[in-house]
>>> print(open('structure.cif').read())   # mmCIF, C-alpha atoms
data_my_file
#
loop_
_atom_site.label_atom_id
_atom_site.label_comp_id
_atom_site.auth_asym_id
_atom_site.auth_seq_id
_atom_site.Cartn_x
_atom_site.Cartn_y
_atom_site.Cartn_z
CA MET V 1 -90.21 5.22 7.36
CA THR V 2 -91.68 1.98 5.99
CA THR V 3 -90.54 -1.47 6.97
CA ALA V 4 -88.68 -1.83 3.68
CA GLN V 5 -86.94 1.44 4.34
CA PHE V 6 -85.87 0.34 7.82
CA ASP V 7 -83.17 -1.94 6.58
CA CYS V 8 -79.40 -1.57 6.97
CA GLN V 9 -78.16 0.80 4.30
CA TYR V 10 -75.14 -1.46 3.67
CA CYS V 11 -76.27 -5.11 4.01
CA THR V 12 -80.04 -4.49 3.68
CA THR V 13 -80.77 -6.64 6.74
CA SER V 14 -83.94 -5.61 8.54
CA LEU V 15 -83.23 -3.49 11.59
CA LEU V 16 -86.59 -4.07 13.26
CA GLY V 17 -86.04 -4.87 16.91
CA LYS V 18 -82.26 -4.46 16.56
CA LYS V 19 -79.71 -1.84 17.56
CA TYR V 20 -78.62 0.42 14.77
CA VAL V 21 -76.71 3.65 14.11
CA LEU V 22 -77.84 6.60 11.99
CA LYS V 23 -75.21 8.03 9.69
CA ASP V 24 -76.21 10.94 7.43
CA ASP V 25 -79.87 10.02 8.20
CA ASN V 26 -79.27 6.47 6.98
CA PRO V 27 -79.54 3.48 9.36
CA TYR V 28 -76.78 0.89 9.64
CA CYS V 29 -76.60 -2.26 11.65
CA ILE V 30 -73.86 -2.24 14.26
CA SER V 31 -71.68 -4.69 12.38
CA CYS V 32 -71.83 -2.78 9.09
CA TYR V 33 -71.35 0.58 10.73
CA ASP V 34 -68.21 -0.61 12.51
CA HIS V 35 -66.93 -2.19 9.31
CA VAL V 36 -67.54 0.85 7.11
CA PHE V 37 -67.11 3.91 9.34
CA CYS V 38 -65.16 3.15 12.51
CA ASN V 39 -61.75 4.72 13.15
CA TYR V 40 -58.64 2.83 14.22
CA CYS V 41 -56.83 3.54 17.47
CA GLU V 42 -53.40 5.20 17.20
CA GLU V 43 -52.13 3.14 20.13
CA CYS V 44 -53.45 -0.42 19.74
CA LYS V 45 -54.32 -0.17 16.01
CA GLU V 46 -57.67 -1.90 16.63
CA ALA V 47 -61.06 -0.64 15.50
CA ILE V 48 -62.86 1.83 17.74
CA GLU V 49 -66.29 0.27 17.56
CA SER V 50 -69.57 2.07 17.95
CA ASP V 51 -70.00 0.93 21.53
CA SER V 52 -66.62 2.44 22.51
CA LYS V 53 -65.79 6.08 23.11
CA ASP V 54 -63.72 7.58 20.29
CA LEU V 55 -61.27 10.26 21.47
CA CYS V 56 -59.95 12.46 18.67
CA TYR V 57 -57.03 14.92 18.57
CA LYS V 58 -55.89 16.60 15.34
CA GLY V 59 -57.32 13.90 13.12
CA ARG V 60 -55.97 11.02 15.19
CA HIS V 61 -58.14 8.66 17.19
CA TRP V 62 -57.78 6.62 20.39
CA HIS V 63 -59.84 4.26 22.53
CA GLU V 64 -60.53 5.89 25.88
CA ARG V 65 -58.44 3.19 27.56
CA CYS V 66 -55.52 3.87 25.16
CA PHE V 67 -55.46 7.67 25.50
CA ASN V 68 -52.45 7.75 27.86
CA CYS V 69 -49.20 9.65 28.38
CA ALA V 70 -46.48 8.15 26.17
CA LYS V 71 -43.98 8.28 29.05
CA CYS V 72 -45.74 7.52 32.35
CA ASN V 73 -48.79 5.78 30.79
CA HIS V 74 -51.23 7.67 32.99
CA SER V 75 -54.59 8.45 31.43
CA LEU V 76 -54.93 11.81 29.67
CA VAL V 77 -58.74 11.73 29.57
CA GLU V 78 -60.01 15.16 30.65
CA LYS V 79 -56.47 16.19 31.68
CA PRO V 80 -54.08 18.73 30.15
CA PHE V 81 -51.49 17.27 27.79
CA VAL V 82 -48.91 18.37 25.22
CA ALA V 83 -48.11 16.85 21.82
CA LYS V 84 -44.36 16.58 21.11
CA ASP V 85 -42.82 14.70 18.18
CA GLU V 86 -46.09 12.82 17.56
CA ARG V 87 -46.21 11.75 21.22
CA LEU V 88 -48.77 12.84 23.80
CA LEU V 89 -47.29 13.75 27.20
CA CYS V 90 -48.93 14.75 30.45
CA SER V 91 -47.89 18.17 31.81
CA GLU V 92 -45.53 16.70 34.40
CA CYS V 93 -43.68 14.43 31.96
CA TYR V 94 -43.44 17.22 29.40
CA SER V 95 -41.95 19.53 32.02
CA ASN V 96 -39.42 16.92 33.16
CA GLU V 97 -38.39 16.06 29.63
CA CYS V 98 -38.50 19.42 27.86
CA SER V 99 -38.43 22.25 30.40
CA SER V 100 -35.30 23.91 31.79
CA LYS V 101 -33.75 22.64 35.01
CA CYS V 102 -32.86 25.07 37.79
CA PHE V 103 -29.07 25.53 38.04
CA HIS V 104 -29.34 25.71 41.84
CA CYS V 105 -31.87 23.08 42.95
CA LYS V 106 -31.74 20.96 39.75
CA LYS V 107 -35.54 20.71 39.71
CA THR V 108 -37.73 21.40 36.69
CA ILE V 109 -38.82 24.99 36.06
CA MET V 110 -42.48 24.39 35.30
CA PRO V 111 -44.04 26.00 32.21
CA GLY V 112 -45.68 29.29 33.09
CA SER V 113 -43.50 29.90 36.15
CA ARG V 114 -40.99 32.74 36.10
CA LYS V 115 -37.38 31.78 35.46
CA MET V 116 -34.18 33.79 35.60
CA GLU V 117 -31.42 33.42 33.00
CA PHE V 118 -27.76 34.38 33.40
CA LYS V 119 -24.78 33.26 31.28
CA GLY V 120 -26.74 30.44 29.66
CA ASN V 121 -28.10 28.93 32.90
CA TYR V 122 -31.60 29.07 34.39
CA TRP V 123 -32.92 29.43 37.93
CA HIS V 124 -36.26 29.48 39.67
CA GLU V 125 -36.87 33.08 40.66
CA THR V 126 -36.66 32.06 44.34
CA CYS V 127 -33.38 30.14 43.80
CA PHE V 128 -31.52 33.00 42.11
CA VAL V 129 -30.34 34.75 45.26
CA CYS V 130 -27.33 36.72 46.51
CA GLU V 131 -24.69 34.43 48.02
CA HIS V 132 -24.36 36.71 51.06
CA CYS V 133 -27.75 38.13 52.00
CA ARG V 134 -29.78 35.34 50.30
CA GLN V 135 -32.27 37.84 48.91
CA PRO V 136 -33.68 37.16 45.40
CA MET V 137 -31.66 38.94 42.73
CA GLY V 138 -34.60 39.54 40.38
CA THR V 139 -33.49 42.03 37.74
CA LYS V 140 -31.14 43.95 40.06
CA PRO V 141 -27.49 44.47 39.02
CA LEU V 142 -25.22 41.65 40.14
CA ILE V 143 -21.51 40.82 40.28
CA SER V 144 -20.10 37.28 39.90
CA LYS V 145 -17.15 36.03 41.95
CA ASP V 146 -15.78 32.48 42.36
CA SER V 147 -18.90 30.92 40.74
CA GLY V 148 -21.15 32.87 43.14
CA TYR V 149 -23.42 35.85 42.48
CA TYR V 150 -23.74 38.89 44.71
CA CYS V 151 -25.94 41.95 44.81
CA VAL V 152 -23.88 45.13 44.48
CA PRO V 153 -24.18 46.24 48.14
CA CYS V 154 -23.04 42.82 49.44
CA PHE V 155 -20.17 42.60 46.99
CA GLN V 156 -18.94 46.04 47.95
CA LYS V 157 -19.19 45.15 51.63
CA GLU V 158 -17.42 41.80 51.33
CA PHE V 159 -14.90 42.04 48.51
CA ALA V 160 -14.59 45.38 46.80
CA HIS V 161 -11.41 47.41 46.55
CA TYR V 162 -11.55 51.16 46.37
CA CYS V 163 -9.69 53.12 43.72
CA SER V 164 -6.66 54.98 45.08
CA PHE V 165 -7.53 57.96 42.87
CA CYS V 166 -11.33 58.42 42.89
CA LYS V 167 -12.04 56.39 46.08
CA LYS V 168 -14.96 54.60 44.38
CA VAL V 169 -15.51 50.82 44.26
CA ILE V 170 -13.65 48.77 41.65
CA THR V 171 -16.24 46.20 40.53
CA SER V 172 -14.10 44.43 37.90
CA GLY V 173 -10.60 44.50 36.47
CA GLY V 174 -8.44 47.35 37.68
CA VAL V 175 -4.70 48.03 38.00
CA THR V 176 -2.38 47.66 40.97
CA PHE V 177 0.42 50.22 41.34
CA ARG V 178 2.68 50.48 44.38
CA GLY V 179 0.39 47.97 46.12
CA GLU V 180 -2.71 50.14 45.66
CA PRO V 181 -5.73 49.45 43.39
CA TRP V 182 -6.85 51.79 40.62
CA HIS V 183 -9.64 51.83 38.06
CA LYS V 184 -8.12 51.37 34.62
CA GLU V 185 -9.65 54.68 33.58
CA CYS V 186 -8.17 56.40 36.64
CA PHE V 187 -4.62 55.14 36.17
CA LEU V 188 -3.28 58.12 34.21
CA CYS V 189 0.08 59.65 33.37
CA SER V 190 0.92 62.31 35.96
CA GLY V 191 2.16 64.51 33.14
CA CYS V 192 -0.18 64.37 30.13
CA ARG V 193 -3.09 62.50 31.86
CA LYS V 194 -3.46 59.75 29.24
CA GLU V 195 -4.49 56.23 30.32
CA LEU V 196 -1.59 53.92 31.16
CA CYS V 197 -3.33 50.55 31.62
CA GLU V 198 -2.23 49.32 28.15
CA GLU V 199 1.02 51.34 28.04
CA GLU V 200 4.58 50.98 29.27
CA PHE V 201 5.29 53.52 31.98
CA MET V 202 7.91 54.70 34.46
CA SER V 203 7.49 56.02 37.99
CA ARG V 204 9.07 58.97 39.72
CA ASP V 205 8.50 59.80 43.40
CA ASP V 206 5.64 57.23 43.42
CA TYR V 207 3.90 58.92 40.48
CA PRO V 208 3.38 57.10 37.16
CA PHE V 209 4.45 58.70 33.86
CA CYS V 210 4.12 57.62 30.25
CA LEU V 211 7.45 57.12 28.52
CA ASP V 212 7.19 60.36 26.57
CA CYS V 213 6.62 62.44 29.69
CA TYR V 214 9.20 60.58 31.75
CA ASN V 215 11.83 60.95 29.04
CA ARG V 216 11.02 64.62 28.59
CA LEU V 217 11.03 65.43 32.30
CA TYR V 218 13.43 63.04 34.04
CA ALA V 219 15.39 60.65 31.83
CA LYS V 220 19.15 61.04 31.48
CA LYS V 221 20.34 61.88 27.95
CA CYS V 222 22.99 59.89 26.15
CA ALA V 223 26.20 61.96 25.75
CA ALA V 224 26.59 60.60 22.21
CA CYS V 225 23.11 60.50 20.58
CA THR V 226 21.36 62.82 23.10
CA LYS V 227 18.32 60.45 23.23
CA PRO V 228 16.78 59.46 26.59
CA ILE V 229 18.18 56.51 28.53
CA THR V 230 15.14 54.78 30.06
CA GLY V 231 16.55 51.46 31.25
CA LEU V 232 13.39 49.68 29.97
CA ARG V 233 13.50 46.07 28.70
CA GLY V 234 16.98 45.52 30.09
CA VAL V 235 18.63 48.34 28.18
CA LYS V 236 22.23 48.72 29.38
CA PHE V 237 24.04 51.99 29.76
CA ILE V 238 27.41 53.30 30.94
CA CYS V 239 28.06 56.09 33.44
CA PHE V 240 31.34 58.01 33.72
CA GLN V 241 31.66 61.05 35.93
CA ASP V 242 28.52 63.10 35.21
CA ARG V 243 27.82 61.64 31.78
CA GLN V 244 25.85 58.60 30.52
CA TRP V 245 25.85 56.61 27.28
CA HIS V 246 23.71 53.87 25.74
CA SER V 247 25.97 50.81 25.59
CA GLU V 248 25.72 50.87 21.78
CA CYS V 249 26.74 54.54 21.76
CA PHE V 250 29.82 54.12 23.99
CA ASN V 251 32.33 54.17 21.14
CA CYS V 252 35.73 55.72 20.36
CA GLY V 253 35.26 59.25 19.08
CA LYS V 254 37.76 58.63 16.28
CA CYS V 255 37.57 55.02 15.04
CA SER V 256 34.10 54.23 16.48
CA VAL V 257 35.17 50.92 18.03
CA SER V 258 33.03 49.93 21.03
CA LEU V 259 34.59 50.80 24.36
CA VAL V 260 32.22 48.65 26.45
CA GLY V 261 34.44 46.62 28.79
CA GLU V 262 37.56 48.20 27.34
CA GLY V 263 40.02 50.74 28.66
CA PHE V 264 39.53 54.27 27.36
CA LEU V 265 40.91 57.78 27.69
CA THR V 266 39.17 61.13 27.62
CA HIS V 267 40.11 64.36 25.95
CA ASN V 268 37.85 67.34 26.65
CA LYS V 269 34.32 65.96 25.94
CA GLU V 270 35.53 63.09 23.75
CA ILE V 271 36.36 59.48 24.64
CA PHE V 272 38.99 57.47 22.76
CA CYS V 273 40.36 53.98 22.68
CA ARG V 274 43.98 53.73 23.84
CA LYS V 275 45.27 53.39 20.29
CA CYS V 276 43.55 56.55 19.00
CA ALA V 277 44.43 58.52 22.15
CA SER V 278 48.16 57.68 22.02
CA GLY V 279 48.97 60.76 19.92
CA ALA V 280 46.63 63.15 21.71
CA GLU V 281 46.81 65.03 24.99
CA THR V 282 44.67 62.97 27.38
CA ASP V 283 43.23 62.85 30.89
CA VAL V 284 42.77 59.55 32.65
#
>>> encode(input="structure.cif", output="C-alpha cells")
Amino acid sequence: MTTAQFDCQYCTTSLLGKKYVLKDDNPYCISCYDHVFCNYCEECKEAIESDSKDLCYKGRHWHERCFNCAKCNHSLVEKPFVAKDERLLCSECYSNECSSKCFHCKKTIMPGSRKMEFKGNYWHETCFVCEHCRQPMGTKPLISKDSGYYCVPCFQKEFAHYCSFCKKVITSGGVTFRGEPWHKECFLCSGCRKELCEEEFMSRDDYPFCLDCYNRLYAKKCAACTKPITGLRGVKFICFQDRQWHSECFNCGKCSVSLVGEGFLTHNKEIFCRKCASGAETDV
C-alpha cells in the first residue's frame, strides 16, 4: 500500500502514524469510522464507538456497561438472560415475574424444575404432599377434602365411610339410608334392583323399594279407583273398617259429592251421603 493509498477512505486524511480501523479492507480514521459505521446503544441511545465493546442480540446493540437486566439492573454480560416484550431479564427476575408460584410455599417454581398441577394451581413437587402422611403425591391418585389433599390410603384411614351393601370405601358422594352410607350405584330397589339415588322410593322392613315395586307388593289399594295409596308428597287418604280411599275418591256412590269431613252411611260395599241413603237400607 503506497502512502497515497494509506489515507482515510472517507475524509482522505493521511493515516500514517495514527490509529485506524479496517472495514472491508479499507482504512478509516477513528473519527470517520465512528461517524459512518458505529451502532447506537438500545439503552442510552449514544454511539458505540470503536474503542467500546459492542454487544449485539437479535440486531440490537448495547454498550457493555448498558447491557443490564431491565428489572434489577444487574449486568447480563456473559450471563443467561431472557427477552420478554422487548425487555432483557436475568433468569431470576424472569422467574419471579413470569413463572408460576407454588400454591403451598408461594415461592417461584423455577424454569426447568418439575411442577405439579391440580385444579388450576401449581406446586413444587416437594410441596405437593398428603396432608396426613406428608409424603409427595407425585402422580398417585388423590382425594380432596376441606381444601386439603390426601393419598388414598390416608383418606380411607382417616375419613372414609364403607358402603353398607358392598363394604367397600365410599370415596365421594354416596347416599345415606337408615343412618347407613351406600354407594349410589349400590343403593338399589330390593325388588327390581334398579338404582334409587335419583328416584323417589319407599321402605318396608328397612328395605328400600322403587314406587312401582312398593305399590305392586305392599301399597293399600283405593276402594274406589283401585290404584295404590302411597302417602307420598302429603297425599291424604281415608280409612274405614278394612277399606281405604284417596281423599279425592271418597265420594257418595250415588251423587258423587265428597264425603271428606262429612257424615256418611254404608250399604253393602257402597258409601252414601245422608241424603242419598235416606231411602235405602243402611248400616251405620
>>> resolve_selection(input="structure.cif", expression="the PyMOL selection byres ((chain V and resi 131) around 9)", output="list in words")
Val129, Cys130, His132, Cys133, Arg134, Gln135, Gly148, Tyr149, Tyr150, Cys151 and Cys154 of chain V
>>> write_last_selection(input="structure.cif", atoms="C-alpha atoms", output="mmCIF file, keeping the file's coordinate frame")
data_model
loop_
_atom_site.group_PDB
_atom_site.id
_atom_site.type_symbol
_atom_site.label_atom_id
_atom_site.label_comp_id
_atom_site.auth_asym_id
_atom_site.auth_seq_id
_atom_site.Cartn_x
_atom_site.Cartn_y
_atom_site.Cartn_z
ATOM 1 C CA VAL V 129 -30.340 34.750 45.260
ATOM 2 C CA CYS V 130 -27.330 36.720 46.510
ATOM 3 C CA HIS V 132 -24.360 36.710 51.060
ATOM 4 C CA CYS V 133 -27.750 38.130 52.000
ATOM 5 C CA ARG V 134 -29.780 35.340 50.300
ATOM 6 C CA GLN V 135 -32.270 37.840 48.910
ATOM 7 C CA GLY V 148 -21.150 32.870 43.140
ATOM 8 C CA TYR V 149 -23.420 35.850 42.480
ATOM 9 C CA TYR V 150 -23.740 38.890 44.710
ATOM 10 C CA CYS V 151 -25.940 41.950 44.810
ATOM 11 C CA CYS V 154 -23.040 42.820 49.440
#
>>> residues_around(input="structure.cif", residues="segment 201-212 of chain V", least_positions_apart="3", cutoff="7 Å", atoms="all atoms listed in the file", output="PyMOL selection string")
chain V and resi 189-191+196+215-216
>>> residues_near_point(input="structure.cif", point="(-43.2, 31.8, 41.4)", cutoff="9 Å", atoms="only C-alpha atoms", output="JSON, numbers by chain")
{"V": [113, 114, 115, 124, 125, 126]}
>>> residues_around(input="structure.cif", residues="Tyr122 of chain V", least_positions_apart="2", cutoff="7 Å", atoms="all atoms listed in the file", output="ChimeraX atom specification")
/V:100-103,115-118,120
>>> atom_distance(input="structure.cif", atom1="atom CA of Pro141 of chain V", atom2="atom CA of Thr108 of chain V")
25.3 Å
>>> residues_around(input="structure.cif", residues="Asp24 of chain V", least_positions_apart="2", cutoff="12 Å", atoms="only C-alpha atoms", output="PyMOL selection string")
chain V and resi 9+21-22+26-28+33+37
>>> decode(input="structure.cif", residues="segment 49-77 of chain V", atoms="N, CA, C and O atoms", output="PDB file, in the first residue's frame")
ATOM      1  N   GLU V  49     -18.780   3.573  20.157  1.00  0.00           N
ATOM      2  CA  GLU V  49     -17.596   3.921  19.371  1.00  0.00           C
ATOM      3  C   GLU V  49     -16.635   2.750  19.251  1.00  0.00           C
ATOM      4  O   GLU V  49     -16.779   1.730  19.933  1.00  0.00           O
ATOM      5  N   SER V  50     -15.689   2.903  18.395  1.00  0.00           N
ATOM      6  CA  SER V  50     -14.789   1.797  18.053  1.00  0.00           C
ATOM      7  C   SER V  50     -13.939   1.339  19.218  1.00  0.00           C
ATOM      8  O   SER V  50     -13.462   0.205  19.249  1.00  0.00           O
ATOM      9  N   ASP V  51     -13.757   2.219  20.210  1.00  0.00           N
ATOM     10  CA  ASP V  51     -12.953   1.812  21.360  1.00  0.00           C
ATOM     11  C   ASP V  51     -13.804   1.212  22.476  1.00  0.00           C
ATOM     12  O   ASP V  51     -13.306   0.923  23.562  1.00  0.00           O
ATOM     13  N   SER V  52     -15.114   1.010  22.197  1.00  0.00           N
ATOM     14  CA  SER V  52     -16.018   0.391  23.164  1.00  0.00           C
ATOM     15  C   SER V  52     -16.471  -0.971  22.641  1.00  0.00           C
ATOM     16  O   SER V  52     -16.574  -1.181  21.434  1.00  0.00           O
ATOM     17  N   LYS V  53     -16.782  -1.848  23.563  1.00  0.00           N
ATOM     18  CA  LYS V  53     -17.266  -3.170  23.163  1.00  0.00           C
ATOM     19  C   LYS V  53     -18.735  -3.073  22.760  1.00  0.00           C
ATOM     20  O   LYS V  53     -19.554  -2.489  23.473  1.00  0.00           O
ATOM     21  N   ASP V  54     -19.056  -3.637  21.613  1.00  0.00           N
ATOM     22  CA  ASP V  54     -20.423  -3.605  21.075  1.00  0.00           C
ATOM     23  C   ASP V  54     -21.054  -4.986  21.293  1.00  0.00           C
ATOM     24  O   ASP V  54     -20.617  -5.978  20.718  1.00  0.00           O
ATOM     25  N   LEU V  55     -22.087  -5.031  22.169  1.00  0.00           N
ATOM     26  CA  LEU V  55     -22.786  -6.285  22.427  1.00  0.00           C
ATOM     27  C   LEU V  55     -24.066  -6.314  21.606  1.00  0.00           C
ATOM     28  O   LEU V  55     -24.883  -5.387  21.672  1.00  0.00           O
ATOM     29  N   CYS V  56     -24.254  -7.369  20.856  1.00  0.00           N
ATOM     30  CA  CYS V  56     -25.370  -7.451  19.904  1.00  0.00           C
ATOM     31  C   CYS V  56     -26.266  -8.651  20.231  1.00  0.00           C
ATOM     32  O   CYS V  56     -25.774  -9.741  20.523  1.00  0.00           O
ATOM     33  N   TYR V  57     -27.595  -8.415  20.168  1.00  0.00           N
ATOM     34  CA  TYR V  57     -28.564  -9.503  20.353  1.00  0.00           C
ATOM     35  C   TYR V  57     -29.743  -9.244  19.429  1.00  0.00           C
ATOM     36  O   TYR V  57     -30.446  -8.238  19.558  1.00  0.00           O
ATOM     37  N   LYS V  58     -29.937 -10.154  18.464  1.00  0.00           N
ATOM     38  CA  LYS V  58     -31.030 -10.073  17.504  1.00  0.00           C
ATOM     39  C   LYS V  58     -31.144  -8.703  16.834  1.00  0.00           C
ATOM     40  O   LYS V  58     -32.203  -8.085  16.772  1.00  0.00           O
ATOM     41  N   GLY V  59     -29.970  -8.232  16.359  1.00  0.00           N
ATOM     42  CA  GLY V  59     -29.957  -6.984  15.600  1.00  0.00           C
ATOM     43  C   GLY V  59     -29.978  -5.733  16.445  1.00  0.00           C
ATOM     44  O   GLY V  59     -29.995  -4.624  15.905  1.00  0.00           O
ATOM     45  N   ARG V  60     -29.974  -5.864  17.743  1.00  0.00           N
ATOM     46  CA  ARG V  60     -29.955  -4.715  18.644  1.00  0.00           C
ATOM     47  C   ARG V  60     -28.583  -4.641  19.318  1.00  0.00           C
ATOM     48  O   ARG V  60     -27.935  -5.665  19.544  1.00  0.00           O
ATOM     49  N   HIS V  61     -28.181  -3.440  19.680  1.00  0.00           N
ATOM     50  CA  HIS V  61     -26.817  -3.238  20.168  1.00  0.00           C
ATOM     51  C   HIS V  61     -26.826  -2.493  21.499  1.00  0.00           C
ATOM     52  O   HIS V  61     -27.691  -1.653  21.756  1.00  0.00           O
ATOM     53  N   TRP V  62     -25.814  -2.820  22.339  1.00  0.00           N
ATOM     54  CA  TRP V  62     -25.677  -2.183  23.641  1.00  0.00           C
ATOM     55  C   TRP V  62     -24.193  -1.917  23.923  1.00  0.00           C
ATOM     56  O   TRP V  62     -23.310  -2.676  23.497  1.00  0.00           O
ATOM     57  N   HIS V  63     -23.899  -0.826  24.689  1.00  0.00           N
ATOM     58  CA  HIS V  63     -22.601  -0.738  25.336  1.00  0.00           C
ATOM     59  C   HIS V  63     -22.496  -1.860  26.362  1.00  0.00           C
ATOM     60  O   HIS V  63     -23.502  -2.303  26.916  1.00  0.00           O
ATOM     61  N   GLU V  64     -21.306  -2.285  26.661  1.00  0.00           N
ATOM     62  CA  GLU V  64     -21.132  -3.320  27.678  1.00  0.00           C
ATOM     63  C   GLU V  64     -21.679  -2.861  29.022  1.00  0.00           C
ATOM     64  O   GLU V  64     -22.310  -3.619  29.754  1.00  0.00           O
ATOM     65  N   ARG V  65     -21.491  -1.571  29.330  1.00  0.00           N
ATOM     66  CA  ARG V  65     -21.972  -1.044  30.618  1.00  0.00           C
ATOM     67  C   ARG V  65     -23.502  -0.922  30.667  1.00  0.00           C
ATOM     68  O   ARG V  65     -24.077  -0.811  31.753  1.00  0.00           O
ATOM     69  N   CYS V  66     -24.148  -0.914  29.485  1.00  0.00           N
ATOM     70  CA  CYS V  66     -25.609  -0.737  29.420  1.00  0.00           C
ATOM     71  C   CYS V  66     -26.365  -2.062  29.263  1.00  0.00           C
ATOM     72  O   CYS V  66     -27.605  -2.071  29.275  1.00  0.00           O
ATOM     73  N   PHE V  67     -25.637  -3.160  29.101  1.00  0.00           N
ATOM     74  CA  PHE V  67     -26.270  -4.455  28.855  1.00  0.00           C
ATOM     75  C   PHE V  67     -26.687  -5.066  30.191  1.00  0.00           C
ATOM     76  O   PHE V  67     -26.024  -5.952  30.738  1.00  0.00           O
ATOM     77  N   ASN V  68     -27.806  -4.577  30.741  1.00  0.00           N
ATOM     78  CA  ASN V  68     -28.246  -4.939  32.086  1.00  0.00           C
ATOM     79  C   ASN V  68     -29.689  -5.458  32.075  1.00  0.00           C
ATOM     80  O   ASN V  68     -30.457  -5.194  31.144  1.00  0.00           O
ATOM     81  N   CYS V  69     -30.040  -6.146  33.146  1.00  0.00           N
ATOM     82  CA  CYS V  69     -31.420  -6.613  33.342  1.00  0.00           C
ATOM     83  C   CYS V  69     -32.348  -5.402  33.459  1.00  0.00           C
ATOM     84  O   CYS V  69     -32.057  -4.454  34.198  1.00  0.00           O
ATOM     85  N   ALA V  70     -33.469  -5.438  32.754  1.00  0.00           N
ATOM     86  CA  ALA V  70     -34.397  -4.304  32.750  1.00  0.00           C
ATOM     87  C   ALA V  70     -35.095  -4.125  34.090  1.00  0.00           C
ATOM     88  O   ALA V  70     -35.665  -3.061  34.355  1.00  0.00           O
ATOM     89  N   LYS V  71     -35.038  -5.132  34.964  1.00  0.00           N
ATOM     90  CA  LYS V  71     -35.738  -5.027  36.245  1.00  0.00           C
ATOM     91  C   LYS V  71     -34.790  -4.758  37.406  1.00  0.00           C
ATOM     92  O   LYS V  71     -34.988  -3.822  38.170  1.00  0.00           O
ATOM     93  N   CYS V  72     -33.748  -5.586  37.559  1.00  0.00           N
ATOM     94  CA  CYS V  72     -32.853  -5.417  38.706  1.00  0.00           C
ATOM     95  C   CYS V  72     -31.590  -4.627  38.366  1.00  0.00           C
ATOM     96  O   CYS V  72     -30.818  -4.270  39.256  1.00  0.00           O
ATOM     97  N   ASN V  73     -31.373  -4.370  37.071  1.00  0.00           N
ATOM     98  CA  ASN V  73     -30.245  -3.576  36.562  1.00  0.00           C
ATOM     99  C   ASN V  73     -28.888  -4.241  36.750  1.00  0.00           C
ATOM    100  O   ASN V  73     -27.853  -3.603  36.571  1.00  0.00           O
ATOM    101  N   HIS V  74     -28.875  -5.520  37.079  1.00  0.00           N
ATOM    102  CA  HIS V  74     -27.603  -6.236  37.157  1.00  0.00           C
ATOM    103  C   HIS V  74     -27.110  -6.552  35.759  1.00  0.00           C
ATOM    104  O   HIS V  74     -27.902  -6.762  34.834  1.00  0.00           O
ATOM    105  N   SER V  75     -25.791  -6.583  35.617  1.00  0.00           N
ATOM    106  CA  SER V  75     -25.194  -6.829  34.302  1.00  0.00           C
ATOM    107  C   SER V  75     -25.547  -8.221  33.777  1.00  0.00           C
ATOM    108  O   SER V  75     -25.603  -9.194  34.530  1.00  0.00           O
ATOM    109  N   LEU V  76     -25.812  -8.281  32.461  1.00  0.00           N
ATOM    110  CA  LEU V  76     -26.114  -9.552  31.811  1.00  0.00           C
ATOM    111  C   LEU V  76     -24.932 -10.078  31.003  1.00  0.00           C
ATOM    112  O   LEU V  76     -25.052 -11.092  30.320  1.00  0.00           O
ATOM    113  N   VAL V  77     -23.792  -9.389  31.069  1.00  0.00           N
ATOM    114  CA  VAL V  77     -22.626  -9.795  30.293  1.00  0.00           C
ATOM    115  C   VAL V  77     -22.183 -11.186  30.733  1.00  0.00           C
ATOM    116  O   VAL V  77     -21.942 -11.434  31.927  1.00  0.00           O
TER     117      VAL V  77
END
